[in-house]
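Dumped protein21.cif below, it's mmCIF, C-alpha atoms:
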data_input
#
loop_
_atom_site.label_atom_id
_atom_site.label_comp_id
_atom_site.auth_asym_id
_atom_site.auth_seq_id
_atom_site.Cartn_x
_atom_site.Cartn_y
_atom_site.Cartn_z
CA MET A 26 0.00 0.00 0.00
CA THR A 27 2.84 2.40 0.87
CA HIS A 28 4.50 1.66 -2.47
CA ASP A 29 1.25 2.48 -4.29
CA LEU A 30 0.88 5.75 -2.36
CA ASP A 31 4.44 6.75 -3.20
CA ASP A 32 3.85 5.95 -6.87
CA ARG A 33 0.67 8.02 -6.93
CA MET A 34 2.35 10.91 -5.12
CA HIS A 35 5.33 11.04 -7.48
CA PHE A 36 3.00 10.73 -10.47
CA ALA A 37 0.98 13.70 -9.18
CA ILE A 38 4.10 15.78 -8.46
CA ASP A 39 5.40 15.28 -11.98
CA LEU A 40 1.98 15.89 -13.51
CA THR A 41 1.30 19.14 -11.62
CA ARG A 42 4.68 20.47 -12.69
CA ARG A 43 4.09 19.60 -16.34
CA ALA A 44 0.59 21.06 -16.16
CA GLY A 45 2.08 24.17 -14.58
CA GLU A 46 4.43 24.59 -17.52
CA LEU A 47 1.43 24.47 -19.85
CA GLY A 48 -0.40 26.99 -17.70
CA LEU A 49 2.60 29.32 -17.79
CA LYS A 50 2.51 29.39 -21.59
CA TYR A 51 -1.01 30.79 -21.44
CA PHE A 52 -0.11 33.10 -18.54
CA ARG A 53 2.67 34.67 -20.61
CA ASP A 54 0.29 35.30 -23.51
CA LEU A 55 -2.74 36.78 -21.75
CA ASP A 56 -3.52 39.15 -24.61
CA ASN A 57 -4.68 36.17 -26.65
CA LEU A 58 -6.45 34.29 -23.86
CA THR A 59 -10.17 33.53 -24.17
CA ILE A 60 -11.99 34.27 -20.89
CA GLU A 61 -15.59 33.64 -19.83
CA SER A 62 -17.53 34.62 -16.71
CA LYS A 63 -19.47 32.00 -14.75
CA GLY A 64 -20.64 34.56 -12.19
CA HIS A 65 -19.30 37.18 -9.79
CA GLN A 66 -15.51 36.70 -9.58
CA ASP A 67 -16.02 33.19 -11.01
CA LEU A 68 -14.06 33.07 -14.23
CA VAL A 69 -12.95 30.32 -16.58
CA SER A 70 -10.38 30.62 -19.31
CA GLU A 71 -9.15 28.58 -22.23
CA ALA A 72 -6.14 27.79 -20.05
CA ASP A 73 -8.32 26.23 -17.30
CA ARG A 74 -9.99 23.91 -19.76
CA GLU A 75 -6.86 22.92 -21.67
CA VAL A 76 -4.76 22.31 -18.57
CA GLU A 77 -7.49 20.12 -17.10
CA LEU A 78 -7.73 18.11 -20.33
CA PHE A 79 -3.97 17.64 -20.22
CA ILE A 80 -4.15 16.32 -16.65
CA ARG A 81 -7.11 14.08 -17.39
CA ALA A 82 -5.33 12.50 -20.34
CA ALA A 83 -2.30 11.67 -18.21
CA VAL A 84 -4.44 10.16 -15.43
CA ALA A 85 -6.44 8.11 -17.94
CA GLU A 86 -3.21 6.71 -19.39
CA ASP A 87 -1.54 5.75 -16.11
CA TYR A 88 -4.61 4.97 -13.97
CA PRO A 89 -7.33 4.07 -16.50
CA GLN A 90 -9.67 2.44 -13.98
CA ASP A 91 -9.67 5.37 -11.52
CA GLY A 92 -12.34 8.05 -11.35
CA ILE A 93 -11.69 11.70 -12.19
CA VAL A 94 -13.44 14.81 -10.86
CA GLY A 95 -12.41 18.25 -12.07
CA GLU A 96 -13.70 21.79 -11.99
CA GLU A 97 -14.16 22.34 -15.72
CA HIS A 98 -15.23 19.00 -17.25
CA ALA A 99 -17.65 16.16 -16.47
CA ALA A 100 -16.76 13.56 -13.88
CA VAL A 101 -15.45 10.14 -14.90
CA THR A 102 -16.63 7.16 -12.87
CA GLY A 103 -13.97 4.61 -11.94
CA THR A 104 -13.97 1.08 -10.58
CA THR A 105 -11.06 1.10 -8.10
CA GLY A 106 -12.40 3.36 -5.36
CA HIS A 107 -9.71 5.91 -6.25
CA VAL A 108 -10.70 9.33 -7.56
CA TRP A 109 -8.36 12.02 -8.89
CA VAL A 110 -9.65 15.47 -7.97
CA ILE A 111 -8.34 18.31 -10.15
CA ASP A 112 -8.27 22.08 -10.17
CA PRO A 113 -6.23 23.00 -13.25
CA ILE A 114 -5.83 26.64 -12.20
CA ASP A 115 -6.89 27.68 -8.73
CA GLY A 116 -6.82 31.46 -8.67
CA THR A 117 -8.17 32.08 -12.15
CA ALA A 118 -9.16 35.65 -11.22
CA ASN A 119 -5.47 36.29 -10.52
CA PHE A 120 -4.31 34.36 -13.57
CA VAL A 121 -6.35 36.29 -16.11
CA ARG A 122 -5.24 39.64 -14.63
CA GLY A 123 -1.55 38.79 -14.70
CA ILE A 124 -1.19 38.33 -10.94
CA PRO A 125 1.33 35.53 -10.23
CA ALA A 126 -0.66 33.86 -7.44
CA TRP A 127 -2.28 30.76 -8.92
CA CYS A 128 -1.61 27.05 -8.74
CA VAL A 129 -2.29 23.62 -10.18
CA VAL A 130 -3.97 21.27 -7.70
CA ILE A 131 -4.21 17.48 -7.83
CA ALA A 132 -5.51 15.24 -5.05
CA CYS A 133 -6.18 11.52 -5.03
CA ALA A 134 -8.86 10.13 -2.74
CA ARG A 135 -9.64 6.53 -1.87
CA ASN A 136 -13.22 5.89 -0.79
CA GLY A 137 -13.58 9.58 0.04
CA GLU A 138 -10.38 9.90 2.08
CA THR A 139 -7.59 11.99 0.58
CA ILE A 140 -4.38 9.97 0.28
CA VAL A 141 -2.25 12.19 -1.97
CA GLY A 142 -2.22 15.96 -2.37
CA VAL A 143 -0.05 18.20 -4.55
CA ILE A 144 -0.20 21.97 -5.04
CA HIS A 145 2.22 23.51 -7.54
CA GLU A 146 2.69 27.26 -7.89
CA PRO A 147 4.39 27.75 -11.29
CA SER A 148 5.27 31.42 -10.83
CA THR A 149 7.52 30.65 -7.85
CA ASP A 150 8.33 27.06 -8.84
CA GLU A 151 7.12 25.83 -5.46
CA THR A 152 5.62 22.34 -5.19
CA PHE A 153 3.86 21.39 -1.95
CA TYR A 154 3.08 17.69 -1.62
CA ALA A 155 2.05 14.99 0.81
CA ARG A 156 0.82 11.45 1.02
CA ARG A 157 -1.16 10.14 3.96
CA GLY A 158 1.19 9.01 6.71
CA GLY A 159 4.27 10.31 4.92
CA GLY A 160 4.65 13.92 6.02
CA ALA A 161 4.40 17.13 4.00
CA PHE A 162 7.08 18.72 1.85
CA LEU A 163 7.97 21.78 -0.20
CA ASN A 164 10.43 21.14 -3.02
CA GLY A 165 11.80 18.15 -1.14
CA LYS A 166 12.12 19.79 2.28
CA PRO A 167 9.78 18.91 5.20
CA ILE A 168 7.29 21.59 6.21
CA LYS A 169 5.50 22.14 9.49
CA ALA A 170 2.31 23.98 10.36
CA SER A 171 2.57 26.94 12.74
CA ASN A 172 3.06 26.25 16.45
CA ALA A 173 1.47 29.59 17.41
CA ALA A 174 -1.31 29.67 19.99
CA SER A 175 -2.43 33.29 19.53
CA LEU A 176 -4.03 35.03 16.58
CA SER A 177 -1.67 37.96 17.16
CA ASP A 178 1.24 35.74 16.12
CA GLY A 179 0.47 35.82 12.40
CA ALA A 180 -2.16 35.95 9.67
CA VAL A 181 -5.19 33.76 9.01
CA GLY A 182 -6.19 33.00 5.44
CA THR A 183 -9.82 33.57 4.49
CA GLY A 184 -11.85 32.95 1.36
CA LEU A 185 -15.13 33.75 -0.35
CA SER A 186 -17.60 31.25 -1.76
CA ASN A 187 -20.54 31.79 -4.07
CA ARG A 188 -22.35 29.23 -1.92
CA ALA A 189 -22.02 31.31 1.22
CA SER A 190 -22.94 34.76 2.50
CA THR A 191 -20.35 37.51 2.14
CA THR A 192 -21.66 38.92 5.42
CA ASN A 193 -20.36 35.85 7.25
CA VAL A 194 -16.84 36.45 5.96
CA VAL A 195 -17.00 40.04 7.17
CA ILE A 196 -17.96 38.74 10.62
CA LEU A 197 -15.01 36.32 10.56
CA ILE A 198 -12.57 39.06 9.58
CA GLY A 199 -13.89 41.30 12.33
CA LEU A 200 -13.42 38.57 14.93
CA ILE A 201 -9.86 37.87 13.75
CA MET A 202 -8.92 41.53 13.91
CA GLY A 203 -10.69 41.94 17.24
CA GLU A 204 -8.22 39.47 18.75
CA GLY A 205 -5.21 41.30 17.36
CA GLY A 206 -4.91 39.11 14.31
CA VAL A 207 -4.56 39.83 10.61
CA PHE A 208 -6.53 38.31 7.75
CA TYR A 209 -4.92 37.28 4.47
CA ARG A 210 -6.53 36.61 1.12
CA ASN A 211 -4.82 36.04 -2.22
CA ALA A 212 -7.81 34.63 -4.18
CA SER A 213 -6.44 31.07 -4.22
CA GLY A 214 -7.81 28.93 -1.42
CA ALA A 215 -5.59 25.98 -2.32
CA LEU A 216 -2.48 28.11 -2.18
CA MET A 217 -3.45 29.59 1.17
CA LEU A 218 -3.95 26.07 2.57
CA ALA A 219 -0.46 25.20 1.31
CA TYR A 220 0.87 28.29 3.07
CA ALA A 221 -0.88 27.17 6.27
CA ALA A 222 0.82 23.78 5.94
CA ALA A 223 4.18 25.53 5.57
CA GLY A 224 3.58 27.74 8.62
CA ARG A 225 3.45 30.92 6.55
CA LEU A 226 -0.14 31.38 7.71
CA LEU A 227 -1.54 30.40 11.10
CA GLY A 228 -4.39 28.66 9.34
CA TYR A 229 -7.22 28.97 6.87
CA VAL A 230 -10.99 29.28 7.33
CA GLU A 231 -13.74 29.25 4.68
CA GLU A 232 -17.43 28.51 4.95
CA HIS A 233 -17.55 26.32 1.85
CA MET A 234 -14.96 24.98 -0.56
CA ASN A 235 -15.27 22.59 -3.47
CA ALA A 236 -13.29 19.37 -3.25
CA TRP A 237 -10.85 20.35 -5.99
CA ASP A 238 -9.93 23.51 -4.06
CA CYS A 239 -9.39 22.00 -0.62
CA LEU A 240 -8.63 18.26 -0.51
CA ALA A 241 -4.94 18.53 -1.35
CA GLY A 242 -4.38 21.46 1.00
CA MET A 243 -6.20 19.87 3.90
CA LEU A 244 -4.03 16.77 3.60
CA LEU A 245 -0.95 18.97 3.49
CA VAL A 246 -1.94 20.68 6.73
CA GLU A 247 -2.59 17.35 8.45
CA GLU A 248 0.68 15.84 7.30
CA ALA A 249 2.52 19.00 8.34
CA GLY A 250 1.38 18.38 11.92
CA GLY A 251 -1.65 20.65 11.86
CA THR A 252 -5.33 19.97 12.44
CA VAL A 253 -8.30 20.20 10.08
CA LEU A 254 -12.04 20.07 10.49
CA LYS A 255 -12.85 16.60 9.17
CA ALA A 256 -14.89 16.45 5.98
CA ASP A 257 -17.57 13.83 5.40
CA PRO A 258 -15.95 11.25 3.08
CA LYS A 259 -19.36 10.31 1.67
CA THR A 260 -20.18 13.80 0.42
CA VAL A 261 -17.00 15.87 0.21
CA ILE A 262 -16.10 15.08 -3.40
CA GLY A 263 -19.57 15.78 -4.72
CA LYS A 264 -20.67 18.61 -2.45
CA GLY A 265 -17.52 20.11 -0.96
CA THR A 266 -17.10 21.05 2.67
CA ARG A 267 -16.53 23.82 5.21
CA VAL A 268 -12.85 24.28 5.95
CA VAL A 269 -11.00 25.09 9.14
CA ALA A 270 -7.30 24.19 9.11
CA GLY A 271 -4.22 25.31 10.98
CA GLY A 272 -1.55 24.57 13.52
CA ARG A 273 -2.62 22.50 16.50
CA GLY A 274 -2.23 25.36 18.94
CA ILE A 275 -4.42 27.77 17.00
CA PHE A 276 -6.96 25.33 15.56
CA PRO A 277 -9.39 25.37 18.53
CA ARG A 278 -9.61 29.16 18.28
CA LEU A 279 -10.09 29.07 14.53
CA GLN A 280 -12.87 26.54 14.97
CA LEU A 281 -14.65 28.75 17.49
CA LEU A 282 -14.36 31.75 15.16
CA GLY A 283 -15.82 29.67 12.35
CA GLU A 284 -18.72 28.60 14.51
CA SER A 285 -19.39 32.22 15.51
CA SER A 286 -19.15 33.52 11.94
CA PHE A 287 -20.82 30.78 9.93
CA GLY A 288 -23.19 29.25 12.43
CA PHE A 289 -21.89 25.70 12.17
CA THR A 290 -21.12 23.43 15.10
CA ARG A 291 -18.48 20.83 15.82
#
Have the structure of the file written as structure tokens, please.
Amino acid sequence: MTHDLDDRMHFAIDLTRRAGELGLKYFRDLDNLTIESKGHQDLVSEADREVELFIRAAVAEDYPQDGIVGEEHAAVTGTTGHVWVIDPIDGTANFVRGIPAWCVVIACARNGETIVGVIHEPSTDETFYARRGGGAFLNGKPIKASNAASLSDGAVGTGLSNRASTTNVVILIGLIMGEGGVFYRNASGALMLAYAAAGRLLGYVEEHMNAWDCLAGMLLVEEAGGTVLKADPKTVIGKGTRVVAGGRGIFPRLQLLGESSFGFTR
């Protein structure tokens, strides 16, 4: 089983990097990029679709019996219990405006539990990766979630969802700042989760995230020694989940702030 996990992890690392190279070609030629709007701040570009097709083709070749779920194309049903969950470009709003804060995200889940997660940021050439039980790494070096116990010790990542009320995010930000903390948002939830895993952020809180945005990052935080609010393995891939993730010392406080802001319970 460990050998299979390692194989899947290294496959995903290589694939995210190759997909990132493809994404960079589009990023460097934005004047000719076709962009569509799916709603407020919800954009899709030719690059999103083509990068996802590239990833899907590679998965289908190496793991033909596995399922595939991605943001831009229809799901593929597999027979092995394994599902590859893809966000070809997380941070499209940044991407199409020339802001170098976007990433390629690939996770692999088995029966709803994430076993491999990779987040590659092409603009900085940083690859965050983990497999369950194997630790978390950035470009080959181990990473650790923050050991802070106070919100005043750093910044907390926050995100917006079209499935949630903007008012609730404002409440969350107010509570963070009221405790001497700072909120951080770069329009890529996956990347902010990776930063939480690396200890750059204290943690990350969002009322709702789709599976392709959060599964890889949540595994990274766990494997980096942090704590995450557990998602329901039966529904997370299809319906997404609320997200609270961070270092062990700060997680209880982040969870309480989430409960106060979003009205959910433990």
Check: Of the candidates A:Pro258, A:Ala222, A:Ala180, A:Gly45, which shows the shortest atom-to-atom distance to A:Ile168, using all atoms listed in the file?
Finding: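 Using all atoms listed in the file, the shortest distance to A:Ile168 belongs to A:Ala222.
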Check: Is there a way to get, as a PyMOL selection string, all residues within 12 Å of the point (-13.4, 28.1, 16.1) in file coordinates, counting only C-alpha atoms?
Finding: chain A and resi 176+197+200-201+228-232+253-254+268-271+274-291
Check: With only C-alpha atoms as the atoms that count, which of A:Lys50, A:Arg122, A:His145, A:Arg81 lies nearest to A:Gly242?
Finding: A:His145
Check: Nearest to A:Tyr209 among A:Thr192, A:Trp237, A:Glu146, A:Gly184, with distances taken over all atoms listed in the file: which residue is it?
Finding: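 Going through A:Thr192, A:Trp237, A:Glu146, A:Gly184 one by one, the smallest distance to A:Tyr209 is for A:Gly184.
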Notebook entry, point to check: atom CA of A:Asp29 and atom CA of A:Arg74 are how many Å apart?
Noted result: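 Spanning atom CA of A:Asp29 to atom CA of A:Arg74 is a straight-line distance of 28.7 Å.
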Next item on the list: Record the distance separating atom CA of A:Gly159 and atom CA of A:Gly224, expressed in Å with one decimal.
Entry: 17.8 Å
Next item on the list: Using the chain letters and numbering of this document, enumerate as a PyMOL selection string the residues selected by the PyMOL selection byres ((chain A and resi 144) around 8).
Entry: chain A and resi 41+128-131+142-143+145-146+152-154+215-216+219+241-242
Note to self: Which residues would end up in the selection if the PyMOL selection byres ((chain A and resi 210) around 8) were applied here, given that I need the answer as a list in words?
What the structure shows: Gly182, Thr183, Gly184, Phe208, Tyr209, Asn211, Ala212, Ser213 and Met217 of chain A
Check: Distance atom CA of A:Val94-atom CA of A:Cys133, one decimal place?
Finding: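 Straight-line distance from atom CA of A:Val94 to atom CA of A:Cys133 works out to 9.9 Å.
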Next item on the list: Using only C-alpha atoms, pick whichever of A:Phe79, A:Gly48, A:Ala100, A:Ile196 has the shortest atom-to-atom distance to A:Trp127.
Entry: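 Smallest separation from A:Trp127 among the options: A:Gly48.
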